[in-house]
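*Asks:* Sharing a structure here in structure tokens format.
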Amino acid sequence: MLELQNVWKSYRVGALGSKKLTAVRDVSFSVSRGEVLSVVGESGSGKSTIGKMVLQLIPPTRGAVRLDGREVTARRHSDRKAYYRRVQGVFQDPFSSYNPIFKADRVFDAVRESFFPGLKRAEWQDKVDRSLTSVGLEPGAVLRKYPHQLSGGQLQRMLIARALLLDIELLVADEIISMLDASTRIDVLNLLGALKERGLGVLFVTHDLSLANYISERVIIMRHGAVVEMGATGKVFGDPRHPYSRNLLASVPQLHRKWSDAATEFEDLEPDGDREADPAPLARVGADHWVAAAA
Amino acid sequence: MTTDAALNADVIGKRNEHLYFALRNPKVVIGLSIVLGLLLLGLIGPLFLSSSPTAYVGPKSEAPSADYWFGTTVHGRDVFVQFAHGLRSSYLVGFLGGGIAFVIGLTIGFTAGYRGGLTDEFLNMLTNVVLVLPALVVLIVISSYMEVRGVVTQGVIIGLFSWPWVARAVRAQTFTLRNRDYVDLARLTGKRSPQIVVREVMPNMASYLLMSMILLFGGAILFASMLDFIGLGPTNAVSLGTMMQQSMAWAAIHLGLWWWFVPPGLAITAIVGALYITNVGLDEVFNPKLREM
């Protein structure tokens, strides 16, 4: 459904854009309906930039983003609006996603104003209530409240409900649970799982491997803006081929292991080099499993 | 149900919180009363005064009396009539100059801060150029080239030169606010940039904008008085500054005609001072850390 082909993104920084910072290098992947694709990587690996490009908040420098085979990097405002009917996003910080001086349900009103201007008040209210119920919220408990009166989990679920008001096919979830506490986390994760069952594609951006393992069919591991390993979740996590993937897996804290037990041995990795150069090509090492050549 | 009602009350309380504290802040109340009182005098005073501020109505150089409340000038003009008309033109300059500077500063600040990139570099350069222009010198040059100078032209010129600091501050604020997720979310809802600036960014800096509006207003009045005082004021109207200038030109100090220059001087000081006091008071209202509970 959604496809990225050889996408690059460079930011111009410094006075008059004199310097260039390449955040994403030659990334290609696709997400299909009813699938959760996780993009995993450390800070600065370019994973959030990918989410932003898919949401058309920033344009790619090179390469193509396609939805059902059609280029989506739209020039016109109406094209973009049509795209947002099908693709929506939820961001990391629930408290930053709401304008703090307005009531939280303003995000629903904005959707009505943009996409359903003709709908009657009662019908709309009914639609909002159904959407809220479907994400496990009780409408009476969350409507007409200010963001600070609601919990992070409620706010994130309201944002998912907001996305579901539109008939979306793809949800970009950018670190949506990294700021929630453990018990709400699993609720929101399970909600994503339920959405996937309904045929929604989810691009799940995270730095947490265990979450990626829990929810996703396929996973992409990124480092320094490029893909180092990708494939089916079981294959990548069961048999990591790239040294960086192995390091990542080794660094996940486990429930029954203590810091004092034994120090984890990390492999040496190549340093961040010239980001303008083409990244190491991906080689197929098995069915639905690709690895970048480690230098 | 009862908890619901309590929550609603809490919400309403929050809405009116600023107004509540503003009306209980002595600085805001005193400052605003002075400003509004003088504004009222300037607005309705001239309606009740039959004579024109430039008419020779009475005896020359007379001290304040029941007939001429603020006395008369060397030429026999009524100082109170001049004062009421002068207040009117000073406020007009304040509104015009402050208003124009506010609109330009906001437009440039929001555009630069929200769009960023090359637009920002260019607008920032423009802002810096106007900021370091010696505004007084430029105004003197412009004013001395104009044959007939009116209050309106003066206000417009002041407005065109006093926006840079607002633009800079608004730009800096917009820079931080545009990276909030709710701005991205508004874009995902298909909102256009101007709409996002007005509806998401601007409400978050409303208190700052209110205060800069007040400071621009006061600044424009002060600047106009300065121009008037050095003889570059309106040629076809009376303002507080031209009253002072006239009194100096006719040696009011040496002749002991204190009633000629004290009222306008005091009024300028009172207006600008009261505006600054209001500003400090509003700062306490909007910033709970400064409130003395």
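Chain labels run A, B, ... following the order of the structure tokens; each chain numbers its residues from 1, and ligands are numbered from 1 in the order shown.
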If we count only C-alpha atoms, which residues of chain A reach to within 7 Å of chain B? Please list them as a PDB file with C-alpha atoms, in the first residue's frame.
*Replies:*
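So result-v9.pdb came out as:
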```pdb
ATOM      1  CA  LEU A  16      21.858  30.643   4.548  1.00  0.00           C
ATOM      2  CA  LYS A  81      -5.962  17.108   2.389  1.00  0.00           C
ATOM      3  CA  TYR A  84      -4.710  13.024   5.128  1.00  0.00           C
ATOM      4  CA  GLN A  88      -2.881   9.967   9.758  1.00  0.00           C
ATOM      5  CA  PHE A  91       3.087  11.728  17.925  1.00  0.00           C
ATOM      6  CA  SER A  96       2.657  18.575  23.259  1.00  0.00           C
ATOM      7  CA  SER A  97       0.083  17.238  20.793  1.00  0.00           C
ATOM      8  CA  TYR A  98      -2.649  19.311  22.394  1.00  0.00           C
ATOM      9  CA  ASN A  99      -2.674  23.069  22.518  1.00  0.00           C
ATOM     10  CA  ALA A 110     -10.779  20.628  13.844  1.00  0.00           C
ATOM     11  CA  VAL A 111     -11.341  17.360  11.967  1.00  0.00           C
ATOM     12  CA  SER A 114     -11.777  20.374   7.721  1.00  0.00           C
TER      13      SER A 114
END
```
*Asks:* As a list in words, please: the residues near Ser193 (chain B) (cut-off 9 Å, only C-alpha atoms, same-chain neighbours under 5 positions excluded).
*Replies:*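 Contacts, with the query itself left out: Tyr114, Arg115, Arg187 and Val198 of chain B.
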*Asks:* Export C-alpha atoms of the chosen residues as a PDB file, in the first residue's frame?
*Replies:*
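Below is the file that was written, again_38.pdb:
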```
ATOM      1  CA  TYR B 114       6.889  30.017  10.989  1.00  0.00           C
ATOM      2  CA  ARG B 115       8.397  29.638   7.538  1.00  0.00           C
ATOM      3  CA  ARG B 187      -1.299  20.344   9.465  1.00  0.00           C
ATOM      4  CA  VAL B 198      -3.685  32.499  14.058  1.00  0.00           C
TER       5      VAL B 198
END
```
*Asks:* When you look at region 240-243 of chain B with a cut-off of 7 Å (counting only C-alpha atoms), what residues show up, excluding the ones that are within fewer than 3 positions of it in the same chain? I need them as an MDAnalysis selection string.
*Replies:* chainID B and resid 83 86:87 90 225:226 228:229 233 246:247 261 264
*Asks:* Looking at only C-alpha atoms, which of A:Lys103, A:Arg246, A:Lys127, A:Arg185 is the one that sits closest to Lys145 (chain A)?
*Replies:*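 For Lys145 (chain A), the nearest of the candidates is A:Lys103.
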*Asks:* Can you list, as a list in words, every residue of region 21-111 of chain A that DSSP puts in alpha helix (DSSP H)?
*Replies:*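 Assigned to alpha helix (DSSP H), within region 21-111 of chain A: Lys47, Ser48, Thr49, Ile50, Gly51, Lys52, Met53, Val54, His77, Ser78, Asp79, Arg80, Lys81, Ala82, Tyr83, Tyr84, Arg85, Arg86, Arg106, Val107, Phe108, Asp109, Ala110 and Val111 of chain A.
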*Asks:* Dump N, CA and C atoms for the selected residues as an mmCIF file, in the first residue's frame?
*Replies:*
```cif
data_model
loop_
_atom_site.group_PDB
_atom_site.id
_atom_site.type_symbol
_atom_site.label_atom_id
_atom_site.label_comp_id
_atom_site.auth_asym_id
_atom_site.auth_seq_id
_atom_site.Cartn_x
_atom_site.Cartn_y
_atom_site.Cartn_z
ATOM 1 N N LYS A 47 14.711 7.734 12.068
ATOM 2 C CA LYS A 47 13.424 7.032 12.046
ATOM 3 C C LYS A 47 12.239 7.988 12.139
ATOM 4 N N SER A 48 12.381 9.037 12.954
ATOM 5 C CA SER A 48 11.275 10.000 13.044
ATOM 6 C C SER A 48 11.144 10.807 11.760
ATOM 7 N N THR A 49 12.275 11.054 11.113
ATOM 8 C CA THR A 49 12.236 11.786 9.838
ATOM 9 C C THR A 49 11.428 11.000 8.814
ATOM 10 N N ILE A 50 11.581 9.674 8.835
ATOM 11 C CA ILE A 50 10.804 8.844 7.919
ATOM 12 C C ILE A 50 9.315 9.019 8.191
ATOM 13 N N GLY A 51 8.948 8.973 9.480
ATOM 14 C CA GLY A 51 7.545 9.167 9.839
ATOM 15 C C GLY A 51 7.028 10.506 9.343
ATOM 16 N N LYS A 52 7.835 11.544 9.498
ATOM 17 C CA LYS A 52 7.413 12.887 9.075
ATOM 18 C C LYS A 52 7.284 12.971 7.568
ATOM 19 N N MET A 53 8.164 12.262 6.845
ATOM 20 C CA MET A 53 8.063 12.298 5.383
ATOM 21 C C MET A 53 6.810 11.577 4.915
ATOM 22 N N VAL A 54 6.497 10.468 5.568
ATOM 23 C CA VAL A 54 5.290 9.738 5.182
ATOM 24 C C VAL A 54 4.060 10.612 5.449
ATOM 25 N N HIS A 77 -2.770 21.996 -1.973
ATOM 26 C CA HIS A 77 -3.334 21.826 -0.645
ATOM 27 C C HIS A 77 -4.462 20.794 -0.644
ATOM 28 N N SER A 78 -5.259 20.793 -1.722
ATOM 29 C CA SER A 78 -6.394 19.859 -1.749
ATOM 30 C C SER A 78 -5.905 18.417 -1.863
ATOM 31 N N ASP A 79 -4.795 18.202 -2.618
ATOM 32 C CA ASP A 79 -4.219 16.851 -2.720
ATOM 33 C C ASP A 79 -3.769 16.368 -1.349
ATOM 34 N N ARG A 80 -3.139 17.292 -0.649
ATOM 35 C CA ARG A 80 -2.618 16.953 0.661
ATOM 36 C C ARG A 80 -3.744 16.590 1.624
ATOM 37 N N LYS A 81 -4.817 17.354 1.520
ATOM 38 C CA LYS A 81 -5.962 17.108 2.389
ATOM 39 C C LYS A 81 -6.581 15.738 2.082
ATOM 40 N N ALA A 82 -6.647 15.419 0.788
ATOM 41 C CA ALA A 82 -7.177 14.114 0.402
ATOM 42 C C ALA A 82 -6.284 12.999 0.949
ATOM 43 N N TYR A 83 -4.991 13.250 0.948
ATOM 44 C CA TYR A 83 -4.046 12.258 1.470
ATOM 45 C C TYR A 83 -4.267 12.036 2.966
ATOM 46 N N TYR A 84 -4.524 13.147 3.683
ATOM 47 C CA TYR A 84 -4.710 13.024 5.128
ATOM 48 C C TYR A 84 -6.011 12.326 5.509
ATOM 49 N N ARG A 85 -6.924 12.187 4.551
ATOM 50 C CA ARG A 85 -8.104 11.373 4.820
ATOM 51 C C ARG A 85 -7.720 9.907 4.955
ATOM 52 N N ARG A 86 -6.630 9.536 4.290
ATOM 53 C CA ARG A 86 -6.245 8.124 4.260
ATOM 54 C C ARG A 86 -5.088 7.812 5.186
ATOM 55 N N ARG A 106 -10.961 19.763 21.189
ATOM 56 C CA ARG A 106 -10.806 20.661 20.045
ATOM 57 C C ARG A 106 -10.203 19.935 18.844
ATOM 58 N N VAL A 107 -9.394 18.895 19.093
ATOM 59 C CA VAL A 107 -8.799 18.168 17.966
ATOM 60 C C VAL A 107 -9.890 17.513 17.114
ATOM 61 N N PHE A 108 -11.003 17.110 17.762
ATOM 62 C CA PHE A 108 -12.107 16.524 16.977
ATOM 63 C C PHE A 108 -12.817 17.606 16.162
ATOM 64 N N ASP A 109 -13.044 18.760 16.813
ATOM 65 C CA ASP A 109 -13.721 19.853 16.111
ATOM 66 C C ASP A 109 -12.950 20.266 14.869
ATOM 67 N N ALA A 110 -11.603 20.245 14.992
ATOM 68 C CA ALA A 110 -10.779 20.628 13.844
ATOM 69 C C ALA A 110 -10.986 19.654 12.689
ATOM 70 N N VAL A 111 -11.112 18.362 13.007
ATOM 71 C CA VAL A 111 -11.341 17.360 11.967
ATOM 72 C C VAL A 111 -12.694 17.601 11.308
#
```
*Asks:* Residues near region 38-41 of chain A, anyone? I mean within 10 Å using only C-alpha atoms, not counting same-chain ones fewer than 5 positions away, as a ChimeraX atom specification.
*Replies:* /A:31,46-48,50-51,173-175,202-209,211-213,215-230,233,244-245,248
*Asks:* Please determine, counting only C-alpha atoms, which residue among B:Val170, B:Ala270, B:Leu131, B:Ile100 has the shortest atom-to-atom distance to Tyr208 (chain B).
*Replies:*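 Ranking B:Val170, B:Ala270, B:Leu131, B:Ile100 by distance to Tyr208 (chain B), first place goes to B:Val170.
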